[in-house]
>>> print(open('entry.cif').read())   # mmCIF, C-alpha atoms
data_start
loop_
_atom_site.group_PDB
_atom_site.id
_atom_site.type_symbol
_atom_site.label_atom_id
_atom_site.label_comp_id
_atom_site.auth_asym_id
_atom_site.auth_seq_id
_atom_site.Cartn_x
_atom_site.Cartn_y
_atom_site.Cartn_z
ATOM 1 C CA MET Y 1 -24.016 5.498 42.896
ATOM 2 C CA ARG Y 2 -21.574 2.654 43.527
ATOM 3 C CA LYS Y 3 -23.309 0.453 40.937
ATOM 4 C CA SER Y 4 -23.131 3.139 38.234
ATOM 5 C CA ARG Y 5 -19.435 3.731 39.021
ATOM 6 C CA THR Y 6 -18.796 -0.031 38.706
ATOM 7 C CA VAL Y 7 -20.624 -0.096 35.366
ATOM 8 C CA LEU Y 8 -18.684 2.970 34.190
ATOM 9 C CA THR Y 9 -15.384 1.379 35.259
ATOM 10 C CA ALA Y 10 -16.288 -1.871 33.483
ATOM 11 C CA CYS Y 11 -17.181 0.071 30.316
ATOM 12 C CA MET Y 12 -13.877 1.930 30.478
ATOM 13 C CA PHE Y 13 -11.914 -1.336 30.804
ATOM 14 C CA CYS Y 14 -13.873 -2.794 27.872
ATOM 15 C CA TRP Y 15 -13.069 0.285 25.786
ATOM 16 C CA MET Y 16 -9.368 0.116 26.748
ATOM 17 C CA ALA Y 17 -9.242 -3.590 25.877
ATOM 18 C CA ALA Y 18 -10.894 -2.871 22.525
ATOM 19 C CA VAL Y 19 -8.373 -0.122 21.735
ATOM 20 C CA ALA Y 20 -5.454 -2.365 22.721
ATOM 21 C CA THR Y 21 -6.871 -5.211 20.616
ATOM 22 C CA GLN Y 22 -7.314 -2.887 17.634
ATOM 23 C CA SER Y 23 -3.722 -1.686 17.999
ATOM 24 C CA ALA Y 24 -2.415 -5.256 18.193
ATOM 25 C CA ALA Y 25 -4.596 -6.344 15.280
ATOM 26 C CA ALA Y 26 -3.468 -3.357 13.214
ATOM 27 C CA ASN Y 27 0.180 -4.237 13.950
ATOM 28 C CA ALA Y 28 -0.180 -7.958 13.280
ATOM 29 C CA VAL Y 29 0.538 -9.059 9.718
ATOM 30 C CA SER Y 30 -0.692 -12.441 8.528
ATOM 31 C CA LEU Y 31 1.829 -14.824 7.012
ATOM 32 C CA PRO Y 32 0.257 -14.731 3.509
ATOM 33 C CA VAL Y 33 0.386 -10.908 3.474
ATOM 34 C CA LEU Y 34 3.967 -10.925 4.790
ATOM 35 C CA LEU Y 35 5.101 -13.415 2.141
ATOM 36 C CA ASN Y 36 3.301 -11.465 -0.578
ATOM 37 C CA ILE Y 37 5.212 -8.291 0.308
ATOM 38 C CA CYS Y 38 8.553 -9.928 1.057
ATOM 39 C CA LEU Y 39 8.660 -11.936 -2.159
ATOM 40 C CA ALA Y 40 7.902 -8.967 -4.400
ATOM 41 C CA GLY Y 41 10.114 -8.810 -7.487
ATOM 42 C CA SER Y 42 11.169 -5.188 -7.023
ATOM 43 C CA LEU Y 43 11.208 -2.236 -4.657
ATOM 44 C CA GLY Y 44 8.237 -0.674 -6.445
ATOM 45 C CA GLU Y 45 6.235 -3.879 -6.273
ATOM 46 C CA ALA Y 46 6.980 -4.242 -2.543
ATOM 47 C CA ARG Y 47 5.905 -0.620 -2.019
ATOM 48 C CA ASP Y 48 2.626 -1.266 -3.855
ATOM 49 C CA ARG Y 49 1.909 -4.493 -1.980
ATOM 50 C CA ALA Y 50 2.728 -2.936 1.411
ATOM 51 C CA GLY Y 51 0.148 -0.238 0.724
ATOM 52 C CA GLN Y 52 -2.533 -2.702 1.841
ATOM 53 C CA LEU Y 53 -1.172 -2.511 5.398
ATOM 54 C CA GLY Y 54 -2.118 1.144 5.772
ATOM 55 C CA TRP Y 55 1.124 1.750 7.704
ATOM 56 C CA ARG Y 56 3.115 4.952 7.416
ATOM 57 C CA ALA Y 57 6.147 4.858 5.142
ATOM 58 C CA LEU Y 58 9.460 5.555 6.846
ATOM 59 C CA PRO Y 59 11.487 8.429 5.389
ATOM 60 C CA GLU Y 60 14.780 7.781 3.568
ATOM 61 C CA THR Y 61 16.621 9.439 6.476
ATOM 62 C CA HIS Y 62 15.433 6.641 8.778
ATOM 63 C CA PHE Y 63 17.742 4.213 6.946
ATOM 64 C CA GLU Y 64 20.877 6.384 6.549
ATOM 65 C CA SER Y 65 23.018 4.742 9.236
ATOM 66 C CA TRP Y 66 21.748 1.253 8.355
ATOM 67 C CA ARG Y 67 22.509 1.868 4.671
ATOM 68 C CA ARG Y 68 26.045 3.135 5.463
ATOM 69 C CA ALA Y 69 26.803 0.071 7.616
ATOM 70 C CA PHE Y 70 25.290 -2.286 5.045
ATOM 71 C CA ILE Y 71 27.355 -0.838 2.190
ATOM 72 C CA GLU Y 72 30.513 -0.820 4.321
ATOM 73 C CA HIS Y 73 30.016 -4.506 5.100
ATOM 74 C CA GLN Y 74 28.618 -5.744 1.757
ATOM 75 C CA GLY Y 75 30.018 -3.289 -0.772
ATOM 76 C CA GLY Y 76 27.930 -2.256 -3.775
ATOM 77 C CA SER Y 77 24.700 -0.373 -3.254
ATOM 78 C CA VAL Y 78 21.366 -0.971 -1.553
ATOM 79 C CA GLU Y 79 17.898 0.464 -1.999
ATOM 80 C CA VAL Y 80 15.521 0.166 0.941
ATOM 81 C CA VAL Y 81 11.929 1.063 1.804
ATOM 82 C CA GLY Y 82 10.164 0.559 5.091
ATOM 83 C CA TRP Y 83 6.984 1.051 7.053
ATOM 84 C CA ARG Y 84 5.970 1.349 10.697
ATOM 85 C CA GLY Y 85 2.642 0.111 12.012
ATOM 86 C CA PRO Y 86 0.374 1.927 14.431
ATOM 87 C CA LYS Y 87 0.990 1.763 18.163
ATOM 88 C CA ALA Y 88 -1.104 2.252 21.245
ATOM 89 C CA ASP Y 89 -0.751 5.719 22.781
ATOM 90 C CA SER Y 90 0.798 4.190 25.889
ATOM 91 C CA GLU Y 91 3.528 2.357 23.943
ATOM 92 C CA PRO Y 92 6.927 3.752 22.949
ATOM 93 C CA ASP Y 93 7.612 4.079 19.200
ATOM 94 C CA ASP Y 94 9.857 1.030 19.141
ATOM 95 C CA HIS Y 95 6.904 -1.149 20.172
ATOM 96 C CA ALA Y 96 5.159 -0.563 16.841
ATOM 97 C CA ALA Y 97 5.688 -3.259 14.229
ATOM 98 C CA SER Y 98 7.989 -2.421 11.340
ATOM 99 C CA LEU Y 99 8.705 -3.872 7.935
ATOM 100 C CA ALA Y 100 11.668 -3.157 5.644
ATOM 101 C CA PHE Y 101 12.392 -4.411 2.126
ATOM 102 C CA TRP Y 102 15.738 -3.980 0.378
ATOM 103 C CA VAL Y 103 17.518 -4.826 -2.845
ATOM 104 C CA ALA Y 104 21.319 -5.022 -2.740
ATOM 105 C CA ARG Y 105 23.671 -4.893 -5.697
ATOM 106 C CA GLY Y 106 27.412 -5.542 -5.763
ATOM 107 C CA ARG Y 107 29.486 -8.421 -4.349
ATOM 108 C CA ASN Y 108 26.486 -10.055 -2.685
ATOM 109 C CA PRO Y 109 23.391 -9.135 -4.719
ATOM 110 C CA HIS Y 110 20.150 -10.119 -3.030
ATOM 111 C CA GLN Y 111 16.787 -8.924 -1.851
ATOM 112 C CA ALA Y 112 15.311 -9.449 1.582
ATOM 113 C CA CYS Y 113 12.572 -8.327 3.910
ATOM 114 C CA ALA Y 114 12.607 -7.913 7.689
ATOM 115 C CA TYR Y 115 9.497 -7.815 9.893
ATOM 116 C CA THR Y 116 9.709 -6.923 13.584
ATOM 117 C CA THR Y 117 6.745 -7.020 15.953
ATOM 118 C CA ARG Y 118 5.698 -7.444 19.556
ATOM 119 C CA GLN Y 119 2.486 -9.135 18.379
ATOM 120 C CA GLY Y 120 4.248 -12.126 16.843
ATOM 121 C CA GLU Y 121 2.582 -14.841 18.864
ATOM 122 C CA GLY Y 122 1.602 -17.672 16.545
ATOM 123 C CA LEU Y 123 3.875 -16.583 13.699
ATOM 124 C CA ARG Y 124 6.376 -19.425 14.202
ATOM 125 C CA GLU Y 125 3.497 -21.906 14.221
ATOM 126 C CA ALA Y 126 2.109 -20.384 11.011
ATOM 127 C CA LEU Y 127 5.551 -20.700 9.400
ATOM 128 C CA ALA Y 128 5.774 -24.361 10.490
ATOM 129 C CA ALA Y 129 2.267 -25.057 9.150
ATOM 130 C CA ARG Y 130 3.228 -23.548 5.782
ATOM 131 C CA PHE Y 131 6.842 -24.770 5.406
ATOM 132 C CA GLY Y 132 6.991 -27.761 7.786
ATOM 133 C CA GLU Y 133 8.938 -27.998 11.006
ATOM 134 C CA PRO Y 134 12.212 -26.084 10.721
ATOM 135 C CA PRO Y 135 15.313 -28.219 10.196
ATOM 136 C CA THR Y 136 17.208 -25.886 12.520
ATOM 137 C CA ALA Y 137 15.539 -24.570 15.669
ATOM 138 C CA PHE Y 138 16.275 -23.603 19.259
ATOM 139 C CA SER Y 139 13.915 -22.486 21.972
ATOM 140 C CA SER Y 140 14.098 -21.578 25.626
ATOM 141 C CA GLU Y 141 11.905 -19.424 27.815
ATOM 142 C CA ALA Y 142 13.980 -16.335 27.009
ATOM 143 C CA VAL Y 143 14.840 -16.756 23.304
ATOM 144 C CA GLY Y 144 13.995 -18.807 20.251
ATOM 145 C CA SER Y 145 15.161 -19.200 16.670
ATOM 146 C CA ALA Y 146 14.175 -21.252 13.643
ATOM 147 C CA TYR Y 147 15.402 -21.413 10.060
ATOM 148 C CA TRP Y 148 13.766 -22.744 6.914
ATOM 149 C CA THR Y 149 14.690 -23.030 3.252
ATOM 150 C CA ALA Y 150 11.651 -24.334 1.400
ATOM 151 C CA GLU Y 151 9.542 -23.561 -1.657
ATOM 152 C CA GLY Y 152 12.257 -21.230 -2.961
ATOM 153 C CA VAL Y 153 12.186 -19.127 0.216
ATOM 154 C CA ARG Y 154 14.761 -18.659 2.996
ATOM 155 C CA ILE Y 155 13.309 -17.682 6.390
ATOM 156 C CA ALA Y 156 14.941 -16.832 9.708
ATOM 157 C CA TRP Y 157 12.599 -16.410 12.707
ATOM 158 C CA SER Y 158 13.818 -15.139 16.106
ATOM 159 C CA ARG Y 159 12.126 -14.317 19.396
ATOM 160 C CA VAL Y 160 13.582 -12.412 22.334
ATOM 161 C CA GLY Y 161 11.619 -12.471 25.560
ATOM 162 C CA ALA Y 162 8.586 -14.445 26.631
ATOM 163 C CA GLY Y 163 4.852 -14.021 26.537
ATOM 164 C CA PRO Y 164 2.680 -11.900 24.328
ATOM 165 C CA ARG Y 165 5.045 -8.890 24.403
ATOM 166 C CA ALA Y 166 8.141 -10.765 23.235
ATOM 167 C CA LEU Y 167 10.001 -9.218 20.315
ATOM 168 C CA VAL Y 168 9.732 -11.316 17.154
ATOM 169 C CA TYR Y 169 11.947 -10.779 14.105
ATOM 170 C CA VAL Y 170 11.464 -12.521 10.746
ATOM 171 C CA ASN Y 171 13.807 -12.215 7.771
ATOM 172 C CA ILE Y 172 12.468 -13.521 4.445
ATOM 173 C CA SER Y 173 14.289 -13.698 1.130
ATOM 174 C CA PRO Y 174 14.138 -15.719 -2.066
ATOM 175 C CA ALA Y 175 16.450 -18.735 -1.797
ATOM 176 C CA PRO Y 176 19.330 -18.687 -4.297
#
>>> encode(input="entry.cif", output="structure tokens")
Amino acid sequence: MRKSRTVLTACMFCWMAAVATQSAAANAVSLPVLLNICLAGSLGEARDRAGQLGWRALPETHFESWRRAFIEHQGGSVEVVGWRGPKADSEPDDHAASLAFWVARGRNPHQACAYTTRQGEGLREALAARFGEPPTAFSSEAVGSAYWTAEGVRIAWSRVGAGPRALVYVNISPAP
């Protein structure tokens, strides 16, 4: 009886690890996919490219307060679309990865993309492998930041926290 309970417990832990790995893998976005979406030429193109993620689109109402603050600060207008990745059942909603793409018009016209994840381990290294070591960087156990402008792209990478559950934020936009 004890042996079968041990085997059952081991199987349950294996299943839980597999589910957690699937959730993390589903939330993780590779750098080539991220760049492909973030460097889209339009909102529609970004929407089409993001479809490959299989994430749920965020409703317009999700961005109302962000849009108001953005317009108040920047002037002009802004169009935005966004997506949220899957999460493990045990995680709060804000632990799911998210991606937003916007196009601003007015005093400071630009387009940009923001990716936030708790499965961002290795993303800074992937950015450095693609764009070289960042000319501006800071890192401590609690926080980190790095900035690149290369190959016509401007990138800001930030990390808050330590370990595999640290919050990673990446902002990508075409360089002027």
>>> closest_residue(input="entry.cif", among="Y:Ser158, Y:Ala112, Y:Arg165, Y:Ile71", to="Ala46 in chain Y", atoms="all atoms listed in the file")
Y:Ala112
>>> closest_residue(input="entry.cif", among="Y:Ala69, Y:Ala162, Y:Ala100, Y:Leu167", to="Arg56 in chain Y", atoms="all atoms listed in the file")
Y:Ala100
>>> resolve_selection(input="entry.cif", expression="the PyMOL selection byres ((chain Y and resi 128) around 12)", output="PyMOL selection string")
chain Y and resi 31+122-127+129-137+146-150+155-157
>>> atom_distance(input="entry.cif", atom1="CA of Glu45 in chain Y", atom2="CA of Trp102 in chain Y")
11.6 Å
>>> resolve_selection(input="entry.cif", expression="the PyMOL selection byres ((chain Y and resi 97) around 10)", output="PyMOL selection string")
chain Y and resi 24+26-29+55+83-87+93-96+98-99+115-120+167-169
>>> resolve_selection(input="entry.cif", expression="the PyMOL selection byres ((chain Y and resi 144) around 9)", output="list in words")
Ala137, Phe138, Ser139, Ser140, Glu141, Ala142, Val143, Ser145, Ala146, Trp157, Ser158, Arg159, Val160 and Gly161 of chain Y
>>> atom_distance(input="entry.cif", atom1="CA of Ala57 in chain Y", atom2="CA of His110 in chain Y")
22.1 Å
>>> residues_around(input="entry.cif", residues="Leu39 in chain Y", least_positions_apart="3", cutoff="12 Å", atoms="only C-alpha atoms", output="PyMOL selection string")
chain Y and resi 31-36+42-43+45-47+49-50+101-103+110-114+151-155+171-175
>>> atom_distance(input="entry.cif", atom1="CA of Arg67 in chain Y", atom2="CA of Asn108 in chain Y")
14.6 Å
>>> closest_residue(input="entry.cif", among="Y:His73, Y:Val81, Y:Gly41, Y:Pro109", to="Glu60 in chain Y", atoms="only C-alpha atoms")
Y:Val81
>>> residues_near_point(input="entry.cif", point="(24.2, -6.8, -1.4)", cutoff="7 Å", atoms="all atoms listed in the file", output="VMD selection string")
chain Y and resid 74 to 78 104 to 110
